[in-house]
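A.B. asks: Starting off with a structure, shown below.
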Protein chains: 2
Amino acid sequence: MKIDAAALPRTAALAERLAELHDIACAAGLLGWDREANMPPGGQEGRIAQMGTMSRLLHRMTTDDAVGALIEDAATELAGRPADDPAVALVRVTRRHYDDARCLPDDFVRRRADVSGRAHPAWVKARAEDDFGAFAPHLEAVVDLNRELAELYGYADDPYDAVLDRFEEGATTAEVRGLFDALQATLVPIAAAIRESGRAIDDRMLHRHYPVPDQQAYARELAQSVGYDLERGHIGTAVHPFAASFGRGDCRITTRWYPDFVGASLFGTLHECGHAMYEQGTDPAYARGPLGRGASSGVHESQSRLMENIVGRSRGFWEARFGGLQAAFPAALGDTDADGFYRAVNKVSGTPIRVESDELTYNLHIVLRFELEQALLAGDLAVRDLAGAWNDRMAALLGIVPPSNREGVLQDVHWTRPSFGYFPTYALGNLIAAQLYEAAVAADPTVATDLQAGSPAALWSWLGEHVHQHGKRFKPAELVERATGSPLSVDAFVRYARAKFSDVYDLEL
Amino acid sequence: MKIDAAALPRTAALAERLAELHDIACAAGLLGWDREANMPPGGQEGRIAQMGTMSRLLHRMTTDDAVGALIEDAATELAGRPADDPAVALVRVTRRHYDDARCLPDDFVRRRADVSGRAHPAWVKARAEDDFGAFAPHLEAVVDLNRELAELYGYADDPYDAVLDRFEEGATTAEVRGLFDALQATLVPIAAAIRESGRAIDDRMLHRHYPVPDQQAYARELAQSVGYDLERGHIGTAVHPFAASFGRGDCRITTRWYPDFVGASLFGTLHECGHAMYEQGTDPAYARGPLGRGASSGVHESQSRLMENIVGRSRGFWEARFGGLQAAFPAALGDTDADGFYRAVNKVSGTPIRVESDELTYNLHIVLRFELEQALLAGDLAVRDLAGAWNDRMAALLGIVPPSNREGVLQDVHWTRPSFGYFPTYALGNLIAAQLYEAAVAADPTVATDLQAGSPAALWSWLGEHVHQHGKRFKPAELVERATGSPLSVDAFVRYARAKFSDVYDLEL
């Protein structure tokens, strides 16, 4: 990050050290990106060693006493400056990262790696064999680690606050609970109304044959047309798609390509584009430093969901673009029209699987996980009772009983590591997305008209100014309030979802 | 590298430190691989910073006093063991690397980066504009750096010994001069006899339209069929092809694809496969350590030239495979036969460009560079007289006068950095390749019969035992003598080239 060394020599010294750490983190990150996108299977053993060494090196360098001294020197130098001064924000973010890394004893770090290392293959096997009992002891160890983490990080009210704060700086369990309670109060009846209406949407055309090279060509064109800068981007292939950036000049995405389902590549590409375009839009002044990333997991997710759902599953988007899609896949889409395609990609699926669910009920899948994580952490729920609790809540929230634990409590990889607090950010992302979108439309009417013509250009321009450029400068709640004029609430999402699914299902929801 | 910690605790401690350095070097190396194979243009600025930081970090960690102490401790522990003990070899290679890195003052390292950083774009521009005068001052600075390097490294007889030894451990200028004098004494008349015979080979079929996706599919099949293990390999695309490895489980190649010239992808793929298969064949016990690489630049090049030329441009190889190639490219090769194709890929080209030259005259291009580098370093030739000297030697060695400096003294990138001593290893590679091949055929007759049937399997098996598995355990001269029973000479190459080009040109050479 650029700091005027004449005016702020100590802060500049910190920034210089952080730039080195950023470079090393990029090298470590590239090992991870490459493992998913390029590495041959034979590289696995060596790569584990390389990633382990780099991770220990980074931990050692990040937690060095000298870094602590640089932070305190810079803080002294910046005393009296406002919190939104980028230099002050740099110190805030760096200190948080430093304190978090310093408070984990070596013994804990080793045990965490050990527990996760064994839990992952056990989960793969348990899921394949639909055997929750076999995974339960591993999950108990993971819950214990989460509990230990909460104590190590510290918290004021609720141990869950501590783990949540790692992913969503400043968010509290009470706030999230308030939002999620409001959300389920509205969404459960809407989802039930759709279910009970008996209205069926035909989405079989999404599951026809879509040649992979044609999908790749279309995805590239789609990504560019929504504003993803391929001069500073790259589209790779990965089994579990993700976005990864190595500075704002190199923000990559990966996509998966199924020959018999076009939805994965279309909406996966849009989703990851949202993430990548966020980081492509950070202030160049923040390069090689911790401010040049997204504000939080929730805010990052808001950008991917905006692109995937609010833009990419909108009526206008496909009314403007369906002709082009049809021309790219004439055999699969010859008998479909824009309206039919729009409805198909918004079908409320009634699936027990989170990653296959729709924009509406997805949030209920998250509410369920938040409730269960909290109860596990608080000791109000035992792991041995988890599968039953899962199924009970699925029935209550979604009216679904998972046919197996494989399609229930065993479906997610997240609980193979102590990452409690991460799930809620998915739904927070949806709420933030809707609130940002509503504010953008209010501020600039061309946001809506552009989108009706298939283009997110005006929306992305507004987001660039109010969200992207700031990187990690503001805490997520402050960023949202600055951008939208209000604290985060469920209102915008509820209005958005009600209107949209009324349209999709021809119902008064 | 695996060392028994109970028996050799100090050597094991050294090996453990080297394993970490290896991992970090892999992360740094991946930044370089990725830059050529995947990185979008916008990543350039960030990548320069990342590579610079990683390079400084590695230098700092490699030259740490603690590494020196580990080396000396291990050496003490290993006293009395024979030089070919892998643990002793580990100390030898590590000490060499450590001493080399320690003897370069920071100021020199900075100036080297500075001179090269400016020389490269100046060379690009000078070559484009055919303006040797514009590059000359940069080259003078590069010559000075080479001279300084020689003094810093130290030498017994000839300053060129010092720079040569960096790439070819233990080789001396006097030895190389002896080999190259013998080589030119034989090859110049052979090349002249071919030139003067007036025999013409039609190679136009190589320059027809070859669809790139078909070339990619064929290259993949070709690579696997010569034994490149794609479970531990990867074929990427790069403008300047290279091989890169991140441990023996991940040895990659890159290739370039020209739609109007099939030679680049065919022989480029085979060449890089030779490099990659060498490292795929190193002893697993040497993993994560400096012994798990090739013995030297020359020995590495011998493996790529074996695959590209001795295997890939042999009559038997194409007699067995031409049908398959023709089936892959029916439009381009429908009117050609195996004999015509074999002759075309062995045409003695009479080009002034090294990288476009053939297996025979390539060596004379190298002899020329070796002579000029030596004369520049010794102060016997001034940079201002270099272009003239280049053209004079081209005429004498190859009977060619380059039509421009762009096709003469400005053609290679190598002299934009202080890398004197590297060029000779290309021709040494050819000599080593021929001597190894002759020894393999003598030891196992199936080497020749296999190859006549299109397969290098028996040859590669012999090389695996006598060359690949040993990695850097032996110095190159010792490796060659152990494998072939004789010190390196030009005899095998001369016999090979005389027989082959007599066949290609139907002449008694």
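FYI, nothing fancy with the structure tokens labels: chains A, B, ... in order, residues from 1 per chain, ligands from 1 as they appear.
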Output the contact residues of chain B with respect to chain A at a cut-off of 9 Å, based on only C-alpha atoms, as number ranges by chain.
C.D. replies: B: 19-24, 26-28, 30-31, 34, 38-47, 49-54, 57, 230-234, 246-252, 287-288
A.B. asks: For the selection just defined, write its residues with C-alpha atoms to a file, as a JSON list (two decimals), in the first residue's frame.
C.D. replies:
[["chain", "number", "residue", "atom", "x", "y", "z"],
["B", 19, "ALA", "CA", 13.52, -29.65, 2.46],
["B", 20, "GLU", "CA", 12.01, -26.38, 3.69],
["B", 21, "LEU", "CA", 14.16, -24.38, 1.30],
["B", 22, "HIS", "CA", 13.13, -26.73, -1.49],
["B", 23, "ASP", "CA", 9.45, -26.12, -0.72],
["B", 24, "ILE", "CA", 9.93, -22.37, -0.74],
["B", 26, "CYS", "CA", 9.01, -24.57, -5.49],
["B", 27, "ALA", "CA", 6.58, -21.81, -4.50],
["B", 28, "ALA", "CA", 8.93, -19.26, -6.07],
["B", 30, "LEU", "CA", 5.59, -21.80, -9.56],
["B", 31, "LEU", "CA", 5.31, -18.00, -9.76],
["B", 34, "ASP", "CA", 2.48, -19.56, -13.94],
["B", 38, "ASN", "CA", -1.48, -18.75, -17.12],
["B", 39, "MET", "CA", -1.01, -15.26, -15.80],
["B", 40, "PRO", "CA", -3.03, -12.48, -17.41],
["B", 41, "PRO", "CA", -1.04, -9.46, -18.64],
["B", 42, "GLY", "CA", -2.38, -7.33, -15.80],
["B", 43, "GLY", "CA", -0.57, -9.52, -13.31],
["B", 44, "GLN", "CA", 2.88, -8.51, -14.55],
["B", 45, "GLU", "CA", 3.60, -5.70, -12.12],
["B", 46, "GLY", "CA", 2.46, -7.66, -9.09],
["B", 47, "ARG", "CA", 4.32, -10.76, -10.24],
["B", 49, "ALA", "CA", 7.21, -7.78, -6.96],
["B", 50, "GLN", "CA", 6.25, -11.29, -5.83],
["B", 51, "MET", "CA", 9.17, -12.94, -7.61],
["B", 52, "GLY", "CA", 11.57, -10.30, -6.31],
["B", 53, "THR", "CA", 10.40, -10.76, -2.73],
["B", 54, "MET", "CA", 10.60, -14.56, -2.96],
["B", 57, "LEU", "CA", 13.73, -14.30, 0.88],
["B", 230, "LEU", "CA", 1.06, -37.41, -17.25],
["B", 231, "GLU", "CA", -0.04, -38.51, -13.80],
["B", 232, "ARG", "CA", 3.11, -36.69, -12.72],
["B", 233, "GLY", "CA", 3.21, -34.20, -15.58],
["B", 234, "HIS", "CA", 1.27, -31.46, -17.32],
["B", 246, "PHE", "CA", 8.17, -29.05, -8.43],
["B", 247, "GLY", "CA", 9.41, -32.41, -7.20],
["B", 248, "ARG", "CA", 9.50, -35.71, -9.14],
["B", 249, "GLY", "CA", 5.71, -36.02, -8.80],
["B", 250, "ASP", "CA", 5.08, -32.82, -10.77],
["B", 251, "CYS", "CA", 7.40, -32.33, -13.76],
["B", 252, "ARG", "CA", 5.75, -30.09, -16.33],
["B", 287, "ALA", "CA", 12.75, -35.80, -2.88],
["B", 288, "ARG", "CA", 12.59, -32.30, -1.35]]
A.B. asks: Using only C-alpha atoms, which residues sit within 9 Å of Pro284 in chain A once same-chain residues fewer than 5 positions away are excluded, as number ranges by chain?
C.D. replies: A: 1-2, 248, 292, 469
A.B. asks: Restrict the selected residues to N, CA and C atoms and save them as a PDB file, in the first residue's frame.
C.D. replies:
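File written: part_37.pdb
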ATOM      1  N   MET A   1       0.840  -1.196   0.000  1.00  0.00           N
ATOM      2  CA  MET A   1       0.000   0.000   0.000  1.00  0.00           C
ATOM      3  C   MET A   1       0.875   1.245   0.000  1.00  0.00           C
ATOM      4  N   LYS A   2       0.450   2.245  -0.742  1.00  0.00           N
ATOM      5  CA  LYS A   2       1.249   3.477  -0.865  1.00  0.00           C
ATOM      6  C   LYS A   2       1.044   4.387   0.345  1.00  0.00           C
ATOM      7  N   ARG A 248      -4.809  -6.865  -7.577  1.00  0.00           N
ATOM      8  CA  ARG A 248      -5.946  -6.457  -8.399  1.00  0.00           C
ATOM      9  C   ARG A 248      -5.701  -6.647  -9.893  1.00  0.00           C
ATOM     10  N   GLY A 292      -6.382  -4.265   0.173  1.00  0.00           N
ATOM     11  CA  GLY A 292      -6.783  -4.555  -1.205  1.00  0.00           C
ATOM     12  C   GLY A 292      -7.544  -5.859  -1.357  1.00  0.00           C
ATOM     13  N   GLN A 469     -13.985  -0.133  -4.396  1.00  0.00           N
ATOM     14  CA  GLN A 469     -12.736   0.608  -4.241  1.00  0.00           C
ATOM     15  C   GLN A 469     -12.239   0.600  -2.800  1.00  0.00           C
TER      16      GLN A 469
END
A.B. asks: As a PDB file with C-alpha atoms, in the first residue's frame, please: the residues near Gly263 in chain B (cut-off 9 Å, only C-alpha atoms, same-chain neighbours under 4 positions excluded).
C.D. replies:
ATOM      1  CA  LEU B 206       5.984 -29.183 -42.425  1.00  0.00           C
ATOM      2  CA  HIS B 207       4.721 -25.688 -43.147  1.00  0.00           C
ATOM      3  CA  TYR B 258       1.965 -22.767 -34.721  1.00  0.00           C
ATOM      4  CA  PHE B 267       9.983 -31.595 -31.519  1.00  0.00           C
ATOM      5  CA  GLY B 268       9.407 -28.995 -28.813  1.00  0.00           C
ATOM      6  CA  VAL B 345      12.764 -33.093 -40.204  1.00  0.00           C
TER       7      VAL B 345
END
A.B. asks: With only C-alpha atoms as the atoms that count, which of B:Tyr278, B:Trp462, B:Trp390, B:Phe329 lies nearest to Val299 in chain B?
C.D. replies: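 Comparing B:Tyr278, B:Trp462, B:Trp390, B:Phe329 against Val299 in chain B, the winner is B:Tyr278.
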A.B. asks: Could you check which of B:Ala276, B:Ala141, B:Gln326, B:Gly408 is closest to Gln215 in chain B, using only C-alpha atoms?
C.D. replies: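 For Gln215 in chain B, the nearest of the candidates is B:Gln326.
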A.B. asks: With only C-alpha atoms as the basis for distance, which of A:Ala134, A:Ala83, A:Ala223, A:Ala285 is at the shortest distance from Ala15 in chain A?
C.D. replies: A:Ala285
A.B. asks: List as a ChimeraX atom specification the protein and nucleic acid residues near Ala5 in chain B, meaning an atom at most 12 Å away when only C-alpha atoms are counted, but skip any in the same chain fewer than 2 places from it.
C.D. replies: /B:1-3,7-16,74,77,87
A.B. asks: Could the residues in this selection be saved with C-alpha atoms as a JSON list (two decimals), in the first residue's frame?
C.D. replies:
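So the final result, stored in out_18.json, reads:
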[["chain", "number", "residue", "atom", "x", "y", "z"],
["B", 1, "MET", "CA", 15.96, -36.06, 1.16],
["B", 2, "LYS", "CA", 15.63, -39.07, 3.44],
["B", 3, "ILE", "CA", 18.47, -39.35, 5.95],
["B", 7, "ALA", "CA", 22.48, -42.73, 12.51],
["B", 8, "LEU", "CA", 23.21, -39.24, 11.11],
["B", 9, "PRO", "CA", 21.41, -36.65, 13.23],
["B", 10, "ARG", "CA", 23.37, -33.67, 11.94],
["B", 11, "THR", "CA", 23.01, -34.60, 8.29],
["B", 12, "ALA", "CA", 19.30, -35.20, 8.91],
["B", 13, "ALA", "CA", 19.04, -31.71, 10.42],
["B", 14, "LEU", "CA", 20.64, -30.27, 7.29],
["B", 15, "ALA", "CA", 18.32, -32.29, 5.06],
["B", 16, "GLU", "CA", 15.31, -31.03, 7.02],
["B", 74, "ALA", "CA", 27.07, -32.60, 8.55],
["B", 77, "GLU", "CA", 29.63, -36.21, 10.81],
["B", 87, "ALA", "CA", 24.74, -37.91, 1.98]]
A.B. asks: Check the DSSP output for the backbone and give back, as a list in words, the residues of range 85-334 of chain A in strand (DSSP E).
C.D. replies: Gly233, His234, Ile235, Gly236, Thr237, Ala243, Ala244, Ser245, Cys251, Arg252, Ile253, Thr254 and Thr255 of chain A
A.B. asks: Please provide as a ChimeraX atom specification all residues within 10 Å of Asp385 in chain A, with the sequence filter that same-chain residues fewer than 4 positions apart are discarded (counting only C-alpha atoms).
C.D. replies: /A:136,376,381,389-390
A.B. asks: Mind listing the alpha helix (DSSP H) residues of range 194-441 of chain A, per DSSP on the backbone, as a PyMOL selection string?
C.D. replies: chain A and resi 194-197+212-225+263-280+297-305+315-328+330-333+338-344+362-378+386-398+423-441
A.B. asks: Taking 4 positions as the minimum chain separation for residues in the same chain, which residues sit within 9 Å of Phe420 in chain A when counting only C-alpha atoms? Answer as a PyMOL selection string.
C.D. replies: chain A and resi 143+146+160+163-164+370+373-374+377+414-415+424
A.B. asks: Write the residues of the selection above to a file with N, CA and C atoms, as a compact mmCIF listing (two decimals), in the first residue's frame.
C.D. replies:
# COMPACT_ATOMS: atom_id res chain seq x y z
N VAL A 143 -15.93 -29.64 17.08
CA VAL A 143 -16.69 -28.74 17.97
C VAL A 143 -15.80 -28.28 19.12
N ASN A 146 -13.51 -25.63 17.92
CA ASN A 146 -14.23 -24.36 17.78
C ASN A 146 -14.40 -23.68 19.14
N TYR A 160 -19.98 -17.85 20.35
CA TYR A 160 -20.13 -17.84 18.88
C TYR A 160 -19.71 -16.49 18.28
N VAL A 163 -16.06 -16.70 16.96
CA VAL A 163 -15.78 -17.36 15.68
C VAL A 163 -16.43 -16.61 14.52
N LEU A 164 -17.60 -16.05 14.76
CA LEU A 164 -18.28 -15.26 13.73
C LEU A 164 -17.44 -14.06 13.32
N PHE A 370 -26.70 -22.19 11.05
CA PHE A 370 -26.36 -21.21 12.08
C PHE A 370 -26.91 -21.65 13.44
N GLU A 373 -24.94 -24.80 14.68
CA GLU A 373 -23.57 -24.47 15.11
C GLU A 373 -23.58 -23.80 16.48
N GLN A 374 -24.50 -22.86 16.61
CA GLN A 374 -24.60 -22.14 17.86
C GLN A 374 -24.93 -23.07 19.02
N LEU A 377 -21.96 -25.25 19.87
CA LEU A 377 -20.90 -24.51 20.55
C LEU A 377 -21.29 -24.20 21.99
N HIS A 414 -17.71 -28.23 5.35
CA HIS A 414 -17.26 -27.20 6.30
C HIS A 414 -16.95 -27.71 7.70
N TRP A 415 -17.69 -28.69 8.16
CA TRP A 415 -17.51 -29.14 9.55
C TRP A 415 -16.37 -30.15 9.71
N PRO A 424 -23.02 -18.49 8.26
CA PRO A 424 -23.93 -17.34 8.24
C PRO A 424 -23.58 -16.30 7.18
A.B. asks: Report, in Å with one decimal, the straight-line distance from CA of Arg166 in chain A to CA of Gly421 in chain A.
C.D. replies: 7.7 Å
A.B. asks: Could you check how far CA of Thr254 in chain A sits from CA of Pro241 in chain A, in Å to one decimal?
C.D. replies: 5.0 Å
A.B. asks: Which distance in Å separates CA of Arg195 in chain B and CA of Asp130 in chain B, to one decimal?
C.D. replies: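 Spanning CA of Arg195 in chain B to CA of Asp130 in chain B is a straight-line distance of 27.8 Å.
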